[in-house]
Structure formats: C-alpha cells, structure tokens
>>> print(open('target20.txt').read())   # compact mmCIF, C-alpha atoms
# COMPACT_ATOMS: atom_id res chain seq x y z
CA MET Q 1 27.02 -31.70 20.81
CA ASN Q 2 29.42 -31.98 23.74
CA TYR Q 3 29.97 -29.76 26.76
CA ALA Q 4 33.17 -29.68 28.81
CA GLY Q 5 33.58 -28.73 32.45
CA ILE Q 6 36.90 -27.91 34.12
CA ASP Q 7 37.45 -27.71 37.88
CA PRO Q 8 40.89 -26.06 38.39
CA HIS Q 9 43.04 -26.60 41.47
CA PRO Q 10 46.48 -25.25 42.46
CA ASN Q 11 48.46 -27.94 40.62
CA ASN Q 12 45.94 -29.85 38.48
CA SER Q 13 42.53 -29.58 36.85
CA SER Q 14 39.70 -32.09 36.55
CA VAL Q 15 38.16 -32.16 33.06
CA GLY Q 16 34.86 -33.84 32.20
CA ILE Q 17 32.80 -33.98 29.00
CA TYR Q 18 29.06 -34.57 28.60
CA ASP Q 19 27.96 -35.99 25.27
CA ARG Q 20 24.78 -35.23 23.33
CA ALA Q 21 22.87 -37.99 25.14
CA ASP Q 22 23.62 -36.32 28.49
CA GLU Q 23 25.97 -39.12 29.43
CA LEU Q 24 29.36 -38.85 31.09
CA ALA Q 25 31.60 -39.31 28.07
CA ILE Q 26 35.07 -39.06 29.53
CA LYS Q 27 36.90 -37.66 32.51
CA ARG Q 28 40.55 -36.88 33.15
CA ARG Q 29 42.76 -35.12 35.66
CA ARG Q 30 45.45 -33.04 34.01
CA ARG Q 31 48.39 -31.08 35.36
CA ASN Q 32 47.99 -27.31 35.11
CA ASP Q 33 49.72 -27.07 31.78
CA LEU Q 34 47.75 -25.27 29.06
CA ARG Q 35 49.38 -27.31 26.29
CA LYS Q 36 48.33 -30.60 27.87
CA ILE Q 37 44.75 -29.46 28.43
CA LEU Q 38 44.48 -28.14 24.87
CA SER Q 39 45.96 -31.36 23.52
CA TRP Q 40 43.39 -33.41 25.46
CA LEU Q 41 40.45 -31.26 24.24
CA GLU Q 42 41.58 -31.18 20.61
CA PRO Q 43 39.89 -34.47 19.49
CA TYR Q 44 36.53 -33.10 20.74
CA TRP Q 45 36.94 -29.69 19.07
CA ILE Q 46 34.39 -30.24 16.28
CA GLU Q 47 31.45 -31.22 18.50
CA LEU Q 48 32.45 -29.19 21.58
CA VAL Q 49 29.86 -26.45 22.03
CA ALA Q 50 31.37 -24.71 25.04
CA VAL Q 51 33.72 -25.10 27.98
CA VAL Q 52 32.80 -24.03 31.50
CA VAL Q 53 35.53 -23.22 34.05
CA GLU Q 54 34.86 -22.85 37.75
CA SER Q 55 35.76 -19.39 39.02
CA THR Q 56 38.60 -20.04 41.44
CA TYR Q 57 41.48 -17.75 42.39
CA ASN Q 58 43.63 -19.11 39.54
CA TRP Q 59 41.33 -19.10 36.49
CA TYR Q 60 43.06 -16.32 34.46
CA TRP Q 61 45.61 -18.48 32.64
CA LEU Q 62 43.12 -21.22 31.77
CA VAL Q 63 40.24 -19.04 30.55
CA ASP Q 64 42.56 -16.76 28.55
CA GLY Q 65 44.35 -19.72 26.98
CA LEU Q 66 41.12 -21.45 25.95
CA MET Q 67 39.65 -18.24 24.51
CA ASP Q 68 42.86 -17.48 22.59
CA HIS Q 69 42.54 -20.90 20.92
CA GLY Q 70 38.95 -20.30 19.83
CA TYR Q 71 36.99 -22.10 22.54
CA ARG Q 72 33.72 -20.62 23.75
CA VAL Q 73 34.32 -20.28 27.49
CA HIS Q 74 31.88 -19.68 30.36
CA LEU Q 75 32.93 -18.82 33.92
CA ALA Q 76 30.90 -20.56 36.64
CA ASN Q 77 30.00 -18.74 39.84
CA PRO Q 78 30.62 -21.39 42.55
CA SER Q 79 28.90 -19.44 45.35
CA ALA Q 80 25.61 -19.50 43.42
CA ILE Q 81 25.74 -23.15 42.31
CA LYS Q 82 23.48 -25.54 44.19
CA THR Q 83 24.81 -29.09 44.36
CA TYR Q 84 22.22 -31.84 44.25
CA GLU Q 85 21.90 -33.01 47.85
CA GLY Q 86 20.63 -36.50 47.04
CA LEU Q 87 24.04 -37.70 45.85
CA LYS Q 88 25.95 -40.03 48.12
CA HIS Q 89 29.46 -39.36 46.80
CA THR Q 90 30.99 -36.35 45.04
CA ASP Q 91 34.54 -35.49 44.09
CA ASP Q 92 36.46 -33.15 41.77
CA LYS Q 93 35.74 -35.26 38.69
CA TRP Q 94 32.01 -35.25 39.44
CA ASP Q 95 32.12 -31.48 39.97
CA SER Q 96 33.51 -30.93 36.48
CA PHE Q 97 30.66 -33.02 35.02
CA TRP Q 98 28.13 -31.10 37.10
CA LEU Q 99 29.37 -27.79 35.65
CA ALA Q 100 29.04 -29.11 32.11
CA HIS Q 101 25.59 -30.53 32.91
CA LEU Q 102 24.31 -27.18 34.22
CA LEU Q 103 25.68 -25.41 31.14
CA ARG Q 104 23.93 -27.88 28.83
CA LEU Q 105 20.63 -27.29 30.64
CA GLY Q 106 21.09 -23.51 30.40
CA ILE Q 107 20.88 -22.96 34.18
CA LEU Q 108 24.55 -22.35 34.98
CA PRO Q 109 25.11 -19.32 37.30
CA GLN Q 110 27.83 -17.48 35.43
CA GLY Q 111 30.52 -15.05 36.49
CA TYR Q 112 31.83 -12.08 34.53
CA ILE Q 113 34.98 -12.62 32.48
CA TYR Q 114 36.73 -9.31 32.98
CA PRO Q 115 38.69 -8.07 29.91
CA LYS Q 116 42.22 -9.42 29.99
CA GLU Q 117 43.97 -6.13 29.21
CA GLN Q 118 42.31 -4.32 32.15
CA ARG Q 119 42.95 -6.93 34.85
CA PRO Q 120 46.51 -5.82 35.82
CA ILE Q 121 45.31 -2.32 36.80
CA ARG Q 122 42.37 -3.79 38.68
CA ASP Q 123 44.66 -6.14 40.59
CA LEU Q 124 47.00 -3.24 41.37
CA LEU Q 125 44.10 -1.27 42.84
CA ARG Q 126 43.18 -4.34 44.87
CA ARG Q 127 46.71 -4.40 46.29
CA ARG Q 128 46.20 -0.77 47.27
CA GLN Q 129 43.04 -1.72 49.15
CA LEU Q 130 44.99 -4.42 50.96
CA CYS Q 131 47.65 -1.90 52.02
CA VAL Q 132 44.96 0.52 53.22
CA ARG Q 133 43.31 -2.16 55.35
CA HIS Q 134 46.64 -3.19 56.89
CA ARG Q 135 47.55 0.43 57.59
CA THR Q 136 44.20 0.97 59.30
CA SER Q 137 44.64 -2.14 61.45
CA HIS Q 138 48.08 -0.94 62.64
CA ILE Q 139 46.73 2.54 63.36
CA LEU Q 140 43.88 1.07 65.44
CA SER Q 141 46.33 -1.21 67.27
CA LEU Q 142 48.62 1.71 68.19
CA GLN Q 143 45.61 3.82 69.11
CA SER Q 144 44.38 1.07 71.42
CA MET Q 145 47.79 0.67 73.06
CA ILE Q 146 48.02 4.41 73.80
CA THR Q 147 44.51 4.50 75.26
CA ARG Q 148 45.14 1.38 77.32
CA ASN Q 149 48.41 2.59 78.84
CA ARG Q 150 47.99 6.38 78.95
CA GLY Q 151 44.24 7.00 78.82
CA LEU Q 152 44.74 9.33 75.85
CA ASN Q 153 42.78 9.28 72.62
CA PHE Q 154 44.30 10.24 69.26
CA ASP Q 155 42.60 9.93 65.89
CA GLY Q 156 44.18 8.22 62.88
CA CYS Q 157 45.47 11.43 61.27
CA GLN Q 158 47.20 12.48 64.48
CA ILE Q 159 48.86 9.07 64.87
CA GLN Q 160 50.27 9.21 61.34
CA ARG Q 161 51.92 12.55 62.20
CA PHE Q 162 53.64 11.23 65.34
CA ARG Q 163 57.40 11.83 65.56
CA ASP Q 164 59.83 9.33 67.07
CA ASP Q 165 60.77 11.65 69.95
CA PHE Q 166 57.09 12.09 70.81
CA ILE Q 167 56.69 8.28 71.08
CA GLN Q 168 59.70 8.05 73.40
CA LYS Q 169 58.21 10.63 75.74
CA MET Q 170 54.78 9.02 75.75
CA PHE Q 171 55.76 5.72 77.40
CA ASP Q 172 58.01 5.08 80.39
CA CYS Q 173 58.58 1.44 79.42
CA ALA Q 174 61.24 0.59 76.81
CA HIS Q 175 59.19 -2.33 75.46
CA LEU Q 176 56.15 -0.13 74.85
CA VAL Q 177 58.34 2.45 73.11
CA PHE Q 178 59.86 -0.27 70.92
CA THR Q 179 56.42 -1.68 70.01
CA ALA Q 180 55.04 1.78 69.17
CA GLN Q 181 58.07 2.64 67.04
CA LYS Q 182 57.76 -0.56 65.03
CA GLN Q 183 54.05 -0.03 64.46
CA LEU Q 184 54.69 3.56 63.42
CA ALA Q 185 57.40 2.39 61.00
CA THR Q 186 54.95 -0.13 59.50
CA ILE Q 187 52.29 2.57 59.12
CA ARG Q 188 54.75 4.83 57.32
CA PHE Q 189 55.91 2.01 55.05
CA LEU Q 190 52.34 1.12 54.07
CA HIS Q 191 51.56 4.79 53.48
CA ARG Q 192 54.47 5.02 51.05
CA GLN Q 193 53.31 1.88 49.26
CA ILE Q 194 49.81 3.32 48.85
CA LYS Q 195 51.14 6.59 47.42
CA GLU Q 196 53.47 4.77 45.03
CA ILE Q 197 50.62 2.61 43.72
CA GLU Q 198 48.45 5.70 43.22
CA ALA Q 199 51.29 7.41 41.35
CA VAL Q 200 51.55 4.44 38.98
CA VAL Q 201 47.80 4.02 38.47
CA ARG Q 202 46.82 7.62 37.74
CA PRO Q 203 48.78 8.04 34.46
CA GLN Q 204 47.96 4.50 33.24
CA ILE Q 205 44.17 4.61 33.39
CA GLN Q 206 41.48 7.26 33.17
CA LEU Q 207 37.81 7.18 33.97
CA LYS Q 208 35.73 6.02 31.00
CA PRO Q 209 33.11 8.52 29.78
CA GLU Q 210 30.29 6.60 31.47
CA PHE Q 211 32.14 6.76 34.81
CA GLU Q 212 33.27 10.41 34.69
CA LYS Q 213 30.18 11.72 36.51
CA LEU Q 214 30.79 9.23 39.31
CA VAL Q 215 33.21 11.67 40.95
CA THR Q 216 30.37 14.20 41.37
CA ILE Q 217 29.30 12.09 44.37
CA PRO Q 218 30.75 13.68 47.55
CA GLY Q 219 33.22 11.15 48.92
CA ILE Q 220 34.20 9.54 45.61
CA GLY Q 221 37.45 10.91 44.22
CA ASP Q 222 39.70 9.75 41.42
CA ILE Q 223 41.08 6.65 43.18
CA LEU Q 224 37.72 5.41 44.47
CA GLY Q 225 36.20 6.20 41.08
CA LEU Q 226 38.89 4.16 39.32
CA THR Q 227 38.40 1.34 41.82
CA ILE Q 228 34.65 1.23 41.19
CA MET Q 229 35.13 1.43 37.42
CA SER Q 230 37.71 -1.38 37.41
CA GLU Q 231 35.46 -3.66 39.47
CA VAL Q 232 32.16 -2.94 37.69
CA GLY Q 233 33.30 -3.30 34.10
CA ASP Q 234 30.16 -3.07 31.98
CA ILE Q 235 27.21 -1.58 33.89
CA LYS Q 236 24.81 -3.12 31.36
CA ARG Q 237 25.36 -6.55 32.88
CA PHE Q 238 23.17 -5.44 35.78
CA ALA Q 239 19.54 -5.39 34.63
CA LYS Q 240 18.22 -3.64 37.74
CA VAL Q 241 19.59 -1.38 40.44
CA GLY Q 242 18.86 -4.04 43.06
CA HIS Q 243 21.15 -6.47 41.25
CA TYR Q 244 23.94 -3.89 41.33
CA SER Q 245 23.56 -3.03 45.03
CA SER Q 246 23.47 -6.75 45.85
CA TYR Q 247 26.66 -7.29 43.84
CA CYS Q 248 28.23 -4.47 45.88
CA ARG Q 249 27.32 -6.36 49.09
CA CYS Q 250 25.19 -3.44 50.22
CA VAL Q 251 22.03 -5.43 50.97
CA SER Q 252 21.15 -7.66 53.90
CA SER Q 253 21.67 -11.42 53.69
CA LYS Q 254 19.09 -12.29 56.35
CA ARG Q 255 16.66 -15.18 55.89
CA LEU Q 256 13.21 -14.29 57.23
CA SER Q 257 10.08 -16.34 57.85
CA ASN Q 258 6.84 -14.89 59.24
CA GLY Q 259 8.69 -11.68 60.04
CA LYS Q 260 11.32 -13.46 62.12
CA LYS Q 261 14.98 -13.98 61.36
CA LYS Q 262 15.75 -17.63 60.70
CA GLY Q 263 19.39 -17.38 59.74
CA GLU Q 264 21.80 -15.92 57.20
CA ASN Q 265 22.14 -16.54 53.49
CA ASN Q 266 25.41 -16.44 51.56
CA LYS Q 267 27.22 -13.24 52.60
CA LYS Q 268 30.02 -13.89 50.10
CA ASN Q 269 27.81 -13.37 47.06
CA GLY Q 270 29.00 -10.22 45.33
CA ASN Q 271 32.19 -8.22 45.07
CA ARG Q 272 33.95 -7.51 48.35
CA TYR Q 273 36.15 -4.83 46.77
CA LEU Q 274 33.09 -2.83 45.70
CA GLY Q 275 31.61 -3.35 49.16
CA TRP Q 276 34.76 -1.83 50.69
CA ALA Q 277 34.80 1.04 48.17
CA TYR Q 278 31.23 2.13 48.92
CA VAL Q 279 31.79 1.95 52.69
CA GLU Q 280 34.81 4.22 52.22
CA ALA Q 281 32.71 6.54 50.05
CA ALA Q 282 29.97 6.62 52.70
CA ASN Q 283 32.44 7.61 55.42
CA PHE Q 284 33.70 10.52 53.33
CA CYS Q 285 30.24 11.47 52.06
CA LYS Q 286 28.72 11.97 55.50
CA ARG Q 287 31.47 14.50 56.25
CA ASN Q 288 31.00 16.51 53.05
CA CYS Q 289 27.28 16.25 52.27
CA ALA Q 290 24.62 17.63 54.64
CA GLY Q 291 21.93 15.33 53.27
CA ALA Q 292 24.11 12.26 53.75
CA ARG Q 293 24.97 13.38 57.27
CA ARG Q 294 21.29 13.77 58.20
CA PHE Q 295 20.47 10.36 56.70
CA TYR Q 296 23.33 8.75 58.64
CA GLN Q 297 22.26 10.40 61.91
CA ARG Q 298 18.65 9.22 61.48
CA LYS Q 299 19.87 5.66 60.98
CA LEU Q 300 22.33 5.96 63.85
CA ALA Q 301 19.50 6.95 66.21
CA LYS Q 302 17.81 3.59 65.48
CA THR Q 303 20.78 1.24 65.18
CA ASN Q 304 24.59 1.05 65.48
CA LYS Q 305 27.34 2.76 63.46
CA ILE Q 306 28.10 -0.25 61.26
CA VAL Q 307 24.49 -0.68 60.10
CA ALA Q 308 24.06 3.07 59.63
CA ILE Q 309 27.16 3.43 57.44
CA LYS Q 310 26.15 0.33 55.48
CA ALA Q 311 22.72 1.85 54.83
CA LEU Q 312 24.40 5.00 53.52
CA SER Q 313 26.72 2.95 51.32
CA ASN Q 314 23.64 1.21 49.86
CA LYS Q 315 22.14 4.61 48.97
CA LEU Q 316 25.37 5.66 47.27
CA ALA Q 317 25.62 2.37 45.36
CA LYS Q 318 22.09 2.79 44.00
CA ALA Q 319 22.75 6.42 43.11
CA SER Q 320 25.99 5.54 41.31
CA TYR Q 321 24.14 2.90 39.26
CA TYR Q 322 21.83 5.52 37.78
CA ILE Q 323 24.67 8.02 37.42
CA ILE Q 324 26.71 5.53 35.37
CA ARG Q 325 23.76 4.16 33.39
CA ASP Q 326 21.95 7.43 32.61
CA GLN Q 327 25.00 9.74 32.51
CA VAL Q 328 23.62 12.26 34.99
CA PRO Q 329 25.44 14.13 37.79
CA PHE Q 330 24.84 13.45 41.46
CA ASP Q 331 21.81 15.19 42.96
CA ALA Q 332 21.66 15.14 46.76
CA ASN Q 333 18.04 16.37 46.79
CA LYS Q 334 16.87 13.38 44.76
CA LEU Q 335 18.79 10.93 46.91
CA PHE Q 336 18.13 12.31 50.39
CA GLY Q 337 15.06 14.53 49.87
>>> encode(input="target20.txt", output="structure tokens")
Amino acid sequence: MNYAGIDPHPNNSSVGIYDRADELAIKRRRRNDLRKILSWLEPYWIELVAVVVESTYNWYWLVDGLMDHGYRVHLANPSAIKTYEGLKHTDDKWDSFWLAHLLRLGILPQGYIYPKEQRPIRDLLRRRQLCVRHRTSHILSLQSMITRNRGLNFDGCQIQRFRDDFIQKMFDCAHLVFTAQKQLATIRFLHRQIKEIEAVVRPQIQLKPEFEKLVTIPGIGDILGLTIMSEVGDIKRFAKVGHYSSYCRCVSSKRLSNGKKKGENNKKNGNRYLGWAYVEAANFCKRNCAGARRFYQRKLAKTNKIVAIKALSNKLAKASYYIIRDQVPFDANKLFG
C-alpha cells in the first residue's frame, strides 16, 4: 500500500510517495498542471491508498481534480503539524514525504474539505468582510484626523453621513479638505460594494434548517448568520463545544506554567473569519441584550475593552454551538443567568 503527499506552491508542486515498507519510493516536482500530476500518479493508482495535500491558499484546484478522478484525498492542517526537530536538512520534497508518512501512521492533523459547490458563496462573503474591515479603517482614519485637527469627536455613523460641503467648512487647509474628501469617497465606494455583495448573496443562499435558530441570538442577523453557516459547514465535525470555540479563535492562546505566563501558543489555529463574525455579533449583542450588556460591563471593570468583547464573543460562540446542534432558540437567562 502506498501513500502520496503533495506540497503545492504557486507555480509547482512537490509530490512524494511512501511505499508499504515505509520507504521513500519516489519524489518529483511537477508544474501546477492537473493533467501532469494525474499522469504521474496513474502508474501508482492500484496500490495508492490515499493522497494528502497540504492546505495552502491554492489547494482548491488540486483537491477537486484529484477527487473528481477517484482519488481518496486528505487535507493537511499545516499549523497543527509538528516537524521532527532532529532533522538537519528539510526541503519541499521532504515535506511531501512527511505528509504521506503522518497519514500512513494515522496521526495527520487534517483540515476540513469544504463542499465545492458552496465555496463561491463563502468566498464572496469573505470579500464582504474584507470590504467592511477596509471601510472601518478609513472611518477611523478620518475620525482621527478630525479629532487631531479640530478637537471634535464624531462616531462612525455620523462620518458616513457627512456631506462634501460640511467637509469643506470643517478644515481651513486645502490639503486637509482634499484628504478628507478622498477618504469619504473611499468609504462611500466600499459601502456600495458591501451592499451590492449582500444583494447578490441573499437570493442565492438561505440558512439551512440547523442554522435558522442562529438568528434568534441578539446581534446575529441574516448576513452574519450566513457567514457563520458558510464557515462552519457541518457542526458535527466538532465533538465538543470547546473545540468549536477554539476553532472560532475565541479562547486564549497563552502558555502557562505554575500559574505564570510563559509565552503564546499558535494564535493562527482556527478560522479567522468566524473569529471576526463573533466579535461583530458581540458588539451588536451588548447593545440589544441586557444580559450581554451586564456581562460585558462586569468584564470591562476587570480588564480592557478588547478582552471584554472577546469574552462575550466566546459566550456567544458556545451558545451558538448548542443552538445549531440541538435546534433550540437562544435563551439569555441560560447564557447570562
């Protein structure tokens, strides 16, 4: 029985095969052409048990192509793979063998292969998140410039409603007026992009039955609900609620020893899009739910705003896990007491 490992790069992929004796059978570097990779794997088809592909930013075409041609494919989670530190030399070819070796031993940390037909909508919602983050950064930049030069403080909603004539009256310097106008134009452009994406997404996808009760959480509307659904996929892949909240990047990554902090573990483990979604939900929830507001204020009295809102997002992530899994509506009394 043979196992193949593939380490994809922007323009080529390293392919290695382990044979039944746990020996390095063969290694090749192939250009990122699905036909060439399939042609190279074809002689090993009969005894090839599975193929493992490292989860990089460009794995879609390779994993889909291999699965369409009948290969059993596994997706490796690179952030959870521990490389043997006793080795003196490693390279891309060795990495492909290491993936195959871990798969053969049954200890390969695997990623989730999201269904092919649902990925375009998920990627579109990710583009929306990107536009929202950029819009927020431009709003904060304009807000800072106004406070710095005029000593005035406007919130984000007020800034988005600014008119051009109001900007001209606010500053006595032509360069400041020009800068503010350009930032305001960028904010308006990004706002239009966000609304256009939402208009396309809403008719194309609806919340699955198991996710419909997710919108009973104060702060989670249709768009955030769709975002969470598209990123989670199958809730059954999380055995425990702690696994889910960790995947949502809602738990601490501190490394402790004898009650003292000794450093940080891997902060990148998990899904950053879910982490963003639950922080957004927490910010809305504390405005609309009295229990969430009290919980946030208690945390805020002991720590800073970032940690307090992250603690609230962790509560919402755990609540949403049970809501999706058990098909029950949100209950603020159970969550906040």
>>> closest_residue(input="target20.txt", among="Q:Met229, Q:Val53, Q:Ala174, Q:Ile81", to="Ser96 in chain Q", atoms="all atoms listed in the file")
Q:Val53
>>> closest_residue(input="target20.txt", among="Q:Ile235, Q:Leu125, Q:Leu224, Q:Ala308", to="Tyr321 in chain Q", atoms="only C-alpha atoms")
Q:Ile235
>>> closest_residue(input="target20.txt", among="Q:Val73, Q:Lys310, Q:Arg150, Q:Leu102", to="Lys169 in chain Q", atoms="all atoms listed in the file")
Q:Arg150
>>> residues_around(input="target20.txt", residues="Ile324 in chain Q", least_positions_apart="6", cutoff="10 Å", atoms="only C-alpha atoms", output="PyMOL selection string")
chain Q and resi 209-214+229+234-236
>>> residues_around(input="target20.txt", residues="Ser39 in chain Q", least_positions_apart="4", cutoff="12 Å", atoms="only C-alpha atoms", output="list in words")
Arg30, Asp33, Leu34, Arg35, Pro43, Tyr44, Trp45, Leu66 and His69 of chain Q
>>> closest_residue(input="target20.txt", among="Q:Lys182, Q:Lys27, Q:Arg104, Q:His9", to="Ser55 in chain Q", atoms="all atoms listed in the file")
Q:His9
>>> closest_residue(input="target20.txt", among="Q:Ile223, Q:Asn12, Q:Arg135, Q:Leu38", to="Arg122 in chain Q", atoms="all atoms listed in the file")
Q:Ile223
>>> atom_distance(input="target20.txt", atom1="CA of His191 in chain Q", atom2="CA of Arg128 in chain Q")
9.9 Å
>>> atom_distance(input="target20.txt", atom1="CA of Leu41 in chain Q", atom2="CA of Asp64 in chain Q")
15.3 Å
>>> residues_around(input="target20.txt", residues="Gly111 in chain Q", least_positions_apart="5", cutoff="12 Å", atoms="only C-alpha atoms", output="PyMOL selection string")
chain Q and resi 52-56+59+73-81+237+247+269-271
>>> residues_around(input="target20.txt", residues="Leu316 in chain Q", least_positions_apart="3", cutoff="9 Å", atoms="all atoms listed in the file", output="short mmCIF file (atom, residue, chain, number, x, y, z; two decimals) with C-alpha atoms, keeping the file's coordinate frame")
data_model
loop_
_atom_site.label_atom_id
_atom_site.label_comp_id
_atom_site.auth_asym_id
_atom_site.auth_seq_id
_atom_site.Cartn_x
_atom_site.Cartn_y
_atom_site.Cartn_z
CA ILE Q 217 29.30 12.09 44.37
CA TYR Q 278 31.23 2.13 48.92
CA ALA Q 281 32.71 6.54 50.05
CA ALA Q 282 29.97 6.62 52.70
CA CYS Q 285 30.24 11.47 52.06
CA ALA Q 311 22.72 1.85 54.83
CA LEU Q 312 24.40 5.00 53.52
CA SER Q 313 26.72 2.95 51.32
CA ALA Q 319 22.75 6.42 43.11
CA SER Q 320 25.99 5.54 41.31
CA TYR Q 321 24.14 2.90 39.26
CA LEU Q 335 18.79 10.93 46.91
#
>>> decode(input="target20.txt", residues="range 111-206 of chain Q", atoms="C-alpha atoms", output="PDB file, in the first residue's frame")
ATOM      1  CA  GLY Q 111      -8.376  20.152   7.677  1.00  0.00           C
ATOM      2  CA  TYR Q 112     -11.981  20.256   6.515  1.00  0.00           C
ATOM      3  CA  ILE Q 113     -12.604  19.930   2.784  1.00  0.00           C
ATOM      4  CA  TYR Q 114     -15.481  22.330   2.327  1.00  0.00           C
ATOM      5  CA  PRO Q 115     -18.060  21.248  -0.311  1.00  0.00           C
ATOM      6  CA  LYS Q 116     -17.045  22.525  -3.727  1.00  0.00           C
ATOM      7  CA  GLU Q 117     -20.459  23.899  -4.713  1.00  0.00           C
ATOM      8  CA  GLN Q 118     -20.695  26.099  -1.593  1.00  0.00           C
ATOM      9  CA  ARG Q 119     -17.224  27.658  -1.732  1.00  0.00           C
ATOM     10  CA  PRO Q 120     -18.043  30.537  -4.166  1.00  0.00           C
ATOM     11  CA  ILE Q 121     -20.677  31.983  -1.794  1.00  0.00           C
ATOM     12  CA  ARG Q 122     -18.338  31.565   1.159  1.00  0.00           C
ATOM     13  CA  ASP Q 123     -15.554  33.365  -0.696  1.00  0.00           C
ATOM     14  CA  LEU Q 124     -17.974  36.142  -1.659  1.00  0.00           C
ATOM     15  CA  LEU Q 125     -18.912  36.631   1.992  1.00  0.00           C
ATOM     16  CA  ARG Q 126     -15.211  36.737   2.817  1.00  0.00           C
ATOM     17  CA  ARG Q 127     -14.778  39.543   0.293  1.00  0.00           C
ATOM     18  CA  ARG Q 128     -17.578  41.375   2.084  1.00  0.00           C
ATOM     19  CA  GLN Q 129     -15.696  41.030   5.361  1.00  0.00           C
ATOM     20  CA  LEU Q 130     -12.612  42.472   3.687  1.00  0.00           C
ATOM     21  CA  CYS Q 131     -14.592  45.484   2.454  1.00  0.00           C
ATOM     22  CA  VAL Q 132     -16.068  46.009   5.929  1.00  0.00           C
ATOM     23  CA  ARG Q 133     -12.618  45.988   7.534  1.00  0.00           C
ATOM     24  CA  HIS Q 134     -11.259  48.457   4.973  1.00  0.00           C
ATOM     25  CA  ARG Q 135     -14.264  50.732   5.413  1.00  0.00           C
ATOM     26  CA  THR Q 136     -13.777  50.695   9.180  1.00  0.00           C
ATOM     27  CA  SER Q 137     -10.078  51.533   8.853  1.00  0.00           C
ATOM     28  CA  HIS Q 138     -10.875  54.561   6.640  1.00  0.00           C
ATOM     29  CA  ILE Q 139     -13.592  55.725   9.036  1.00  0.00           C
ATOM     30  CA  LEU Q 140     -11.177  55.513  11.981  1.00  0.00           C
ATOM     31  CA  SER Q 141      -8.503  57.347   9.985  1.00  0.00           C
ATOM     32  CA  LEU Q 142     -10.878  60.224   9.122  1.00  0.00           C
ATOM     33  CA  GLN Q 143     -12.167  60.261  12.688  1.00  0.00           C
ATOM     34  CA  SER Q 144      -8.607  60.557  13.980  1.00  0.00           C
ATOM     35  CA  MET Q 145      -7.772  63.371  11.555  1.00  0.00           C
ATOM     36  CA  ILE Q 146     -10.822  65.388  12.638  1.00  0.00           C
ATOM     37  CA  THR Q 147     -10.038  64.911  16.327  1.00  0.00           C
ATOM     38  CA  ARG Q 148      -6.376  65.768  15.788  1.00  0.00           C
ATOM     39  CA  ASN Q 149      -7.023  68.988  13.871  1.00  0.00           C
ATOM     40  CA  ARG Q 150     -10.351  70.210  15.267  1.00  0.00           C
ATOM     41  CA  GLY Q 151     -10.710  68.531  18.663  1.00  0.00           C
ATOM     42  CA  LEU Q 152     -14.134  67.206  17.633  1.00  0.00           C
ATOM     43  CA  ASN Q 153     -15.352  63.647  18.021  1.00  0.00           C
ATOM     44  CA  PHE Q 154     -17.784  62.018  15.572  1.00  0.00           C
ATOM     45  CA  ASP Q 155     -18.854  58.384  15.614  1.00  0.00           C
ATOM     46  CA  GLY Q 156     -18.733  56.116  12.561  1.00  0.00           C
ATOM     47  CA  CYS Q 157     -22.398  56.578  11.622  1.00  0.00           C
ATOM     48  CA  GLN Q 158     -22.065  60.358  11.682  1.00  0.00           C
ATOM     49  CA  ILE Q 159     -18.946  60.263   9.495  1.00  0.00           C
ATOM     50  CA  GLN Q 160     -20.698  58.143   6.864  1.00  0.00           C
ATOM     51  CA  ARG Q 161     -23.437  60.806   6.641  1.00  0.00           C
ATOM     52  CA  PHE Q 162     -21.001  63.695   6.067  1.00  0.00           C
ATOM     53  CA  ARG Q 163     -21.699  65.880   3.026  1.00  0.00           C
ATOM     54  CA  ASP Q 164     -18.966  67.382   0.858  1.00  0.00           C
ATOM     55  CA  ASP Q 165     -19.865  70.957   1.815  1.00  0.00           C
ATOM     56  CA  PHE Q 166     -19.630  70.040   5.501  1.00  0.00           C
ATOM     57  CA  ILE Q 167     -16.071  68.725   4.957  1.00  0.00           C
ATOM     58  CA  GLN Q 168     -15.053  71.948   3.203  1.00  0.00           C
ATOM     59  CA  LYS Q 169     -16.252  74.026   6.139  1.00  0.00           C
ATOM     60  CA  MET Q 170     -14.576  71.826   8.729  1.00  0.00           C
ATOM     61  CA  PHE Q 171     -10.954  72.454   7.667  1.00  0.00           C
ATOM     62  CA  ASP Q 172      -9.240  75.711   6.746  1.00  0.00           C
ATOM     63  CA  CYS Q 173      -6.424  73.916   4.901  1.00  0.00           C
ATOM     64  CA  ALA Q 174      -6.982  72.796   1.291  1.00  0.00           C
ATOM     65  CA  HIS Q 175      -4.802  69.704   1.765  1.00  0.00           C
ATOM     66  CA  LEU Q 176      -6.838  68.529   4.753  1.00  0.00           C
ATOM     67  CA  VAL Q 177     -10.062  69.093   2.812  1.00  0.00           C
ATOM     68  CA  PHE Q 178      -8.673  67.105  -0.126  1.00  0.00           C
ATOM     69  CA  THR Q 179      -7.572  64.226   2.144  1.00  0.00           C
ATOM     70  CA  ALA Q 180     -10.943  64.109   3.916  1.00  0.00           C
ATOM     71  CA  GLN Q 181     -12.855  64.153   0.626  1.00  0.00           C
ATOM     72  CA  LYS Q 182     -10.829  61.256  -0.762  1.00  0.00           C
ATOM     73  CA  GLN Q 183     -11.301  59.212   2.395  1.00  0.00           C
ATOM     74  CA  LEU Q 184     -15.019  59.947   2.359  1.00  0.00           C
ATOM     75  CA  ALA Q 185     -15.208  58.882  -1.307  1.00  0.00           C
ATOM     76  CA  THR Q 186     -13.435  55.618  -0.437  1.00  0.00           C
ATOM     77  CA  ILE Q 187     -15.837  54.988   2.450  1.00  0.00           C
ATOM     78  CA  ARG Q 188     -18.818  55.521   0.161  1.00  0.00           C
ATOM     79  CA  PHE Q 189     -17.350  53.252  -2.516  1.00  0.00           C
ATOM     80  CA  LEU Q 190     -16.733  50.443  -0.031  1.00  0.00           C
ATOM     81  CA  HIS Q 191     -20.231  50.892   1.382  1.00  0.00           C
ATOM     82  CA  ARG Q 192     -21.690  50.412  -2.098  1.00  0.00           C
ATOM     83  CA  GLN Q 193     -19.572  47.310  -2.635  1.00  0.00           C
ATOM     84  CA  ILE Q 194     -20.809  45.814   0.641  1.00  0.00           C
ATOM     85  CA  LYS Q 195     -24.461  46.455  -0.245  1.00  0.00           C
ATOM     86  CA  GLU Q 196     -24.019  45.004  -3.731  1.00  0.00           C
ATOM     87  CA  ILE Q 197     -22.455  41.825  -2.334  1.00  0.00           C
ATOM     88  CA  GLU Q 198     -25.303  41.481   0.168  1.00  0.00           C
ATOM     89  CA  ALA Q 199     -27.845  41.941  -2.628  1.00  0.00           C
ATOM     90  CA  VAL Q 200     -26.218  39.110  -4.599  1.00  0.00           C
ATOM     91  CA  VAL Q 201     -25.814  36.752  -1.634  1.00  0.00           C
ATOM     92  CA  ARG Q 202     -29.298  36.972  -0.125  1.00  0.00           C
ATOM     93  CA  PRO Q 203     -31.231  35.420  -3.068  1.00  0.00           C
ATOM     94  CA  GLN Q 204     -28.529  32.801  -3.769  1.00  0.00           C
ATOM     95  CA  ILE Q 205     -28.302  31.137  -0.371  1.00  0.00           C
ATOM     96  CA  GLN Q 206     -30.599  30.613   2.591  1.00  0.00           C
TER      97      GLN Q 206
END
